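Undergrad: File final02.txt follows (compact mmCIF, C-alpha atoms):
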```txt
# COMPACT_ATOMS: atom_id res chain seq x y z
CA MET M 1 0.88 -33.63 -16.54
CA LYS M 2 -1.66 -32.73 -13.83
CA LEU M 3 -3.25 -29.26 -13.68
CA HIS M 4 -1.52 -28.60 -10.33
CA ASP M 5 1.88 -29.30 -11.89
CA ILE M 6 1.11 -27.09 -14.91
CA LEU M 7 0.10 -24.18 -12.67
CA LYS M 8 3.15 -24.71 -10.45
CA ASN M 9 5.45 -24.64 -13.48
CA ASP M 10 3.80 -21.43 -14.72
CA ILE M 11 4.27 -19.76 -11.33
CA ASP M 12 7.85 -20.96 -10.96
CA SER M 13 8.73 -19.67 -14.43
CA LEU M 14 7.69 -16.16 -13.38
CA GLY M 15 10.41 -16.15 -10.72
CA ASP M 16 10.71 -12.86 -8.84
CA ASP M 17 9.44 -10.65 -11.65
CA HIS M 18 7.50 -7.63 -10.38
CA LEU M 19 4.04 -8.49 -11.64
CA GLY M 20 0.69 -6.83 -11.13
CA SER M 21 -2.87 -7.51 -12.14
CA SER M 22 -5.02 -4.37 -12.36
CA ILE M 23 -5.77 -1.08 -10.65
CA ASN M 24 -7.98 -3.00 -8.22
CA ASN M 25 -6.64 -5.46 -5.68
CA PRO M 26 -7.65 -9.04 -6.53
CA ILE M 27 -10.28 -9.44 -3.80
CA ARG M 28 -12.93 -12.17 -3.87
CA LYS M 29 -16.57 -11.08 -3.94
CA ASP M 30 -17.29 -13.04 -0.75
CA ALA M 31 -14.26 -11.65 1.08
CA PHE M 32 -16.29 -10.03 3.85
CA LYS M 33 -19.05 -12.55 4.39
CA ILE M 34 -17.37 -13.85 7.54
CA SER M 35 -16.55 -11.67 10.53
CA ASN M 36 -13.10 -10.47 11.54
CA SER M 37 -13.20 -12.68 14.62
CA GLU M 38 -13.92 -15.74 12.45
CA LYS M 39 -11.06 -14.80 10.12
CA ILE M 40 -8.69 -14.45 13.06
CA LYS M 41 -9.69 -17.88 14.38
CA LEU M 42 -9.16 -19.55 10.98
CA ILE M 43 -5.84 -17.81 10.29
CA GLN M 44 -4.65 -18.66 13.80
CA GLU M 45 -5.26 -22.36 13.17
CA LYS M 46 -3.50 -22.32 9.80
CA MET M 47 -0.57 -20.26 11.07
CA HIS M 48 -0.09 -22.79 13.86
CA ASP M 49 0.07 -25.53 11.21
CA ILE M 50 2.54 -23.56 9.06
CA LEU M 51 4.92 -22.96 11.96
CA GLU M 52 4.66 -26.60 13.01
CA ILE M 53 5.35 -27.78 9.45
CA ILE M 54 8.59 -25.78 9.22
CA GLY M 55 9.73 -27.44 12.44
CA MET M 56 8.86 -25.05 15.27
CA GLU M 57 7.98 -26.46 18.70
CA MET M 58 4.60 -24.84 19.21
CA LYS M 59 4.42 -25.82 22.89
CA ASP M 60 7.29 -23.42 23.63
CA ASP M 61 6.18 -20.42 25.70
CA SER M 62 7.68 -18.00 23.15
CA LEU M 63 5.61 -19.44 20.29
CA LYS M 64 2.29 -20.30 21.94
CA GLY M 65 0.77 -16.90 21.22
CA THR M 66 2.40 -16.30 17.83
CA PRO M 67 -0.38 -17.74 15.61
CA LYS M 68 -3.02 -15.53 17.25
CA ARG M 69 -0.77 -12.45 17.21
CA VAL M 70 -0.11 -12.94 13.48
CA ALA M 71 -3.80 -13.53 12.75
CA LYS M 72 -4.85 -10.35 14.58
CA MET M 73 -2.11 -8.39 12.83
CA PHE M 74 -3.23 -9.63 9.40
CA VAL M 75 -6.92 -8.85 9.90
CA ASN M 76 -6.85 -5.72 12.08
CA GLU M 77 -3.63 -4.03 11.03
CA ILE M 78 -1.45 -4.68 8.00
CA PHE M 79 -4.31 -5.95 5.79
CA GLY M 80 -7.07 -3.83 7.33
CA GLY M 81 -7.20 -1.68 4.19
CA LEU M 82 -8.86 -4.52 2.30
CA ASN M 83 -12.10 -3.92 4.19
CA PRO M 84 -14.10 -1.07 2.59
CA GLU M 85 -15.57 -0.29 6.03
CA ASN M 86 -12.13 0.98 7.05
CA LYS M 87 -11.93 3.50 4.22
CA PRO M 88 -11.31 6.97 5.71
CA VAL M 89 -13.95 9.64 5.26
CA ALA M 90 -12.19 12.51 3.51
CA SER M 91 -14.32 15.60 4.06
CA THR M 92 -13.58 18.54 1.78
CA PHE M 93 -13.96 22.26 2.35
CA ASP M 94 -14.39 25.24 0.08
CA ASN M 95 -11.12 26.91 -0.86
CA LYS M 96 -12.32 30.21 0.64
CA PHE M 97 -8.84 31.70 0.85
CA LYS M 98 -8.42 31.16 -2.93
CA TYR M 99 -5.11 29.36 -2.61
CA GLY M 100 -4.16 28.73 -6.23
CA GLU M 101 -0.76 27.04 -6.00
CA MET M 102 -0.07 23.36 -5.56
CA LEU M 103 -0.27 21.86 -2.09
CA VAL M 104 2.34 19.21 -1.32
CA GLU M 105 2.25 16.74 1.55
CA LYS M 106 5.65 15.09 1.46
CA ASN M 107 7.49 12.43 3.44
CA ILE M 108 4.34 10.50 4.33
CA THR M 109 5.61 7.36 6.06
CA LEU M 110 4.46 4.31 4.14
CA TYR M 111 4.26 0.70 5.31
CA SER M 112 2.77 -1.88 3.02
CA THR M 113 3.17 -5.57 2.15
CA CYS M 114 4.38 -7.02 -1.13
CA GLU M 115 1.68 -9.36 -2.41
CA HIS M 116 4.26 -11.65 -4.06
CA HIS M 117 6.18 -12.70 -0.94
CA LEU M 118 4.18 -11.05 1.89
CA LEU M 119 7.24 -9.11 3.01
CA PRO M 120 7.23 -5.43 4.04
CA ILE M 121 7.41 -2.44 1.73
CA VAL M 122 8.77 0.56 3.66
CA GLY M 123 9.22 4.06 2.30
CA LEU M 124 7.85 7.54 1.74
CA ALA M 125 4.95 8.87 -0.29
CA HIS M 126 4.81 12.45 -1.59
CA VAL M 127 1.37 13.71 -2.62
CA ALA M 128 0.31 16.96 -4.29
CA TYR M 129 -2.80 18.56 -5.73
CA ILE M 130 -3.97 21.85 -7.19
CA SER M 131 -7.38 22.90 -5.90
CA SER M 132 -10.27 23.24 -8.30
CA GLY M 133 -12.38 24.81 -5.56
CA SER M 134 -12.06 22.28 -2.75
CA VAL M 135 -9.39 21.42 -0.21
CA VAL M 136 -9.01 18.39 2.04
CA GLY M 137 -7.63 18.14 5.57
CA LEU M 138 -3.90 17.40 5.56
CA SER M 139 -4.18 14.31 7.76
CA LYS M 140 -6.73 12.84 5.36
CA MET M 141 -4.03 12.59 2.71
CA ASN M 142 -1.94 10.52 5.12
CA ARG M 143 -4.96 8.38 5.94
CA ILE M 144 -5.68 7.71 2.27
CA VAL M 145 -2.08 6.60 1.74
CA LYS M 146 -2.32 4.32 4.79
CA HIS M 147 -5.66 2.83 3.74
CA TYR M 148 -4.43 1.69 0.35
CA ALA M 149 -1.06 0.62 1.76
CA ASP M 150 -2.70 -1.62 4.38
CA ARG M 151 -3.19 -4.58 2.06
CA PRO M 152 -1.10 -6.98 -0.02
CA GLN M 153 0.14 -4.56 -2.67
CA VAL M 154 2.12 -3.81 -5.79
CA GLN M 155 3.75 -0.38 -5.59
CA GLU M 156 2.60 0.76 -9.03
CA ARG M 157 -1.00 -0.08 -8.14
CA LEU M 158 -0.72 1.68 -4.80
CA ASN M 159 0.49 4.83 -6.55
CA ILE M 160 -2.45 4.79 -8.95
CA GLN M 161 -5.02 4.08 -6.21
CA ILE M 162 -3.86 7.01 -4.07
CA VAL M 163 -4.11 9.44 -7.01
CA LYS M 164 -7.45 8.05 -8.16
CA GLU M 165 -8.95 8.42 -4.68
CA LEU M 166 -7.77 12.02 -4.28
CA LYS M 167 -9.05 12.93 -7.75
CA GLU M 168 -12.51 11.72 -6.71
CA VAL M 169 -12.39 13.37 -3.27
CA LEU M 170 -11.20 16.75 -4.60
CA ASN M 171 -13.04 16.66 -7.93
CA THR M 172 -9.90 17.52 -9.87
CA GLU M 173 -7.53 15.77 -12.25
CA ASP M 174 -4.60 17.78 -10.88
CA VAL M 175 -3.20 15.22 -8.44
CA ALA M 176 0.24 13.61 -8.26
CA CYS M 177 1.99 11.05 -6.12
CA VAL M 178 5.58 9.80 -5.98
CA ILE M 179 6.56 6.80 -3.85
CA ASP M 180 10.12 5.81 -2.95
CA ALA M 181 10.22 2.54 -1.03
CA LYS M 182 12.35 -0.42 -0.11
CA HIS M 183 10.94 -3.89 -0.81
CA LEU M 184 12.20 -6.47 1.64
CA CYS M 185 11.54 -9.18 -0.95
CA VAL M 186 14.55 -7.62 -2.72
CA ASN M 187 16.45 -6.28 0.30
CA SER M 188 16.29 -9.26 2.68
CA ARG M 189 15.88 -12.29 0.39
CA GLY M 190 16.58 -13.26 -3.21
CA ILE M 191 19.23 -10.89 -4.51
CA ARG M 192 19.57 -9.34 -0.98
CA ASP M 193 20.35 -5.87 -2.31
CA TYR M 194 19.80 -3.75 0.78
CA ASN M 195 20.57 -0.39 -0.85
CA SER M 196 18.09 -0.53 -3.73
CA SER M 197 14.71 1.17 -3.58
CA THR M 198 11.82 1.44 -6.02
CA VAL M 199 10.46 4.79 -7.22
CA THR M 200 7.06 5.04 -8.88
CA ALA M 201 4.97 8.05 -9.90
CA GLU M 202 1.48 8.86 -11.04
CA PHE M 203 0.75 12.29 -12.53
CA GLY M 204 -2.71 13.59 -13.37
CA GLY M 205 -3.98 16.73 -15.10
CA LYS M 206 -1.55 19.67 -14.94
CA PHE M 207 1.13 17.46 -13.39
CA LYS M 208 1.61 15.83 -16.78
CA GLU M 209 3.04 19.16 -17.92
CA THR M 210 6.78 19.59 -17.42
CA LYS M 211 6.41 22.89 -15.53
CA TYR M 212 4.15 21.53 -12.80
CA ARG M 213 5.85 18.16 -12.57
CA ARG M 214 9.25 19.82 -12.11
CA GLU M 215 7.88 22.18 -9.44
CA PHE M 216 6.43 19.22 -7.54
CA LEU M 217 9.69 17.30 -7.71
CA ASP M 218 11.60 20.38 -6.55
CA TYR M 219 9.35 20.65 -3.50
CA ILE M 220 10.12 17.03 -2.62
CA LYS M 221 13.85 17.82 -2.61
CA LEU M 222 13.48 20.68 -0.12
CA GLU M 223 15.04 20.10 3.29
CA THR M 224 12.60 20.17 6.17
CA ASP M 225 14.44 21.14 9.32
CA ILE M 226 12.16 21.34 12.35
```
Just give me the structure as structure tokens.
TA:
Amino acid sequence: MKLHDILKNDIDSLGDDHLGSSINNPIRKDAFKISNSEKIKLIQEKMHDILEIIGMEMKDDSLKGTPKRVAKMFVNEIFGGLNPENKPVASTFDNKFKYGEMLVEKNITLYSTCEHHLLPIVGLAHVAYISSGSVVGLSKMNRIVKHYADRPQVQERLNIQIVKELKEVLNTEDVACVIDAKHLCVNSRGIRDYNSSTVTAEFGGKFKETKYRREFLDYIKLETDI
């Protein structure tokens, strides 16, 4: 049996199992040696071929621009978080008002892409921290979530990456994140279970204690009527 066939059998045997590799996205070391414009050009050519292979008439006015639109979306938008140059600068400030309770930023809209089928992950992220002397601008928490979501992802890894980044930014272990999201690889294909969602959590420091974890989860449940 050829190596290609062995690898194909191994992949096929995994089926739709929710697999992950490590805390870091599997990015090649030479991933950013070519420019974004070069990447867009190459992806555009290959996307044209893919659409043609599945039987689309690429001379049709509706499809002519699709390969370029998809290429630009991949590089500049939904996978833009792969590029370290796009990482948000999260400036911190002294906690001069001595706020000692947890701060919760909930219902952060989350759009990501499942790295197994390249279909959308859509949901909400809820993030909390307890200051050890520093605070971070509220919008920066949203930007951190977006940065790590804008790449082919596994939800468990995304959860861990968000918490790890905020721990480093705030210089505290007391950070938590809960994500509740729908995976279209489950909702729109395969089993086609539209109602199911996936919930993952990462708790650091004090949030590993029942008291703090329960308080955080209670905050998430609060109605926000504005």
Undergrad: Under the rule that all atoms listed in the file are counted, which of M:Asn107, M:Asn24, M:Asn83, M:Asn142 is the nearest residue to M:Glu223?
TA: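 Among the listed residues, the smallest separation from M:Glu223 belongs to M:Asn107.
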Undergrad: Take atom CA of M:Gly123 and atom CA of M:Pro67 and report the distance between them in Å, one decimal.
TA: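 Separation of atom CA of M:Gly123 and atom CA of M:Pro67: 27.3 Å.
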Undergrad: Would you mind listing what lies within 12 Å of M:Ser139 as a list of chain:residue names, with only C-alpha atoms counted and same-chain residues fewer than 4 positions away left out?
TA: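 Near neighbours after the sequence-gap exclusion: M:Pro88, M:Val89, M:Ala90, M:Ser91, M:Thr92, M:Glu105, M:Lys106, M:Ile108, M:Val127, M:Val135, M:Arg143, M:Ile144, M:Val145, M:Lys146.
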Undergrad: Which residues, written as number ranges by chain, have at least one atom at most 12 Å from M:Asn187, with only C-alpha atoms counted and residues fewer than 4 positions away on the same chain left out?
TA: M: 119-122, 181-183, 191-198
Undergrad: One decimal, in Å: what's the spacing between atom CA of M:Asn171 and atom CA of M:Ala125?
TA: 21.0 Å
Undergrad: One number please: atom CA of M:Asn95 to atom CA of M:Ser134, in Å, one decimal.
TA: 5.1 Å
Undergrad: Considering only C-alpha atoms, return as JSON, numbers by chain whatever protein or nucleic-acid residues lie within 10 Å of M:Lys167, sequence-local ones (same chain, fewer than 4 positions apart) excluded.
TA: {"M": [129, 161, 162, 163, 171, 172, 173, 174, 175, 176, 204, 205]}
Undergrad: Which residues are near M:Leu158? Cut-off 8 Å, all atoms listed in the file, ignore same chain within fewer than 4 positions. Put them as number ranges by chain.
TA: M: 148-149, 153-154, 162
Undergrad: Smallest atom-to-atom distance to M:Tyr212: which of M:Leu166, M:His147, M:Thr200, M:Ile130, using only C-alpha atoms?
TA: M:Ile130
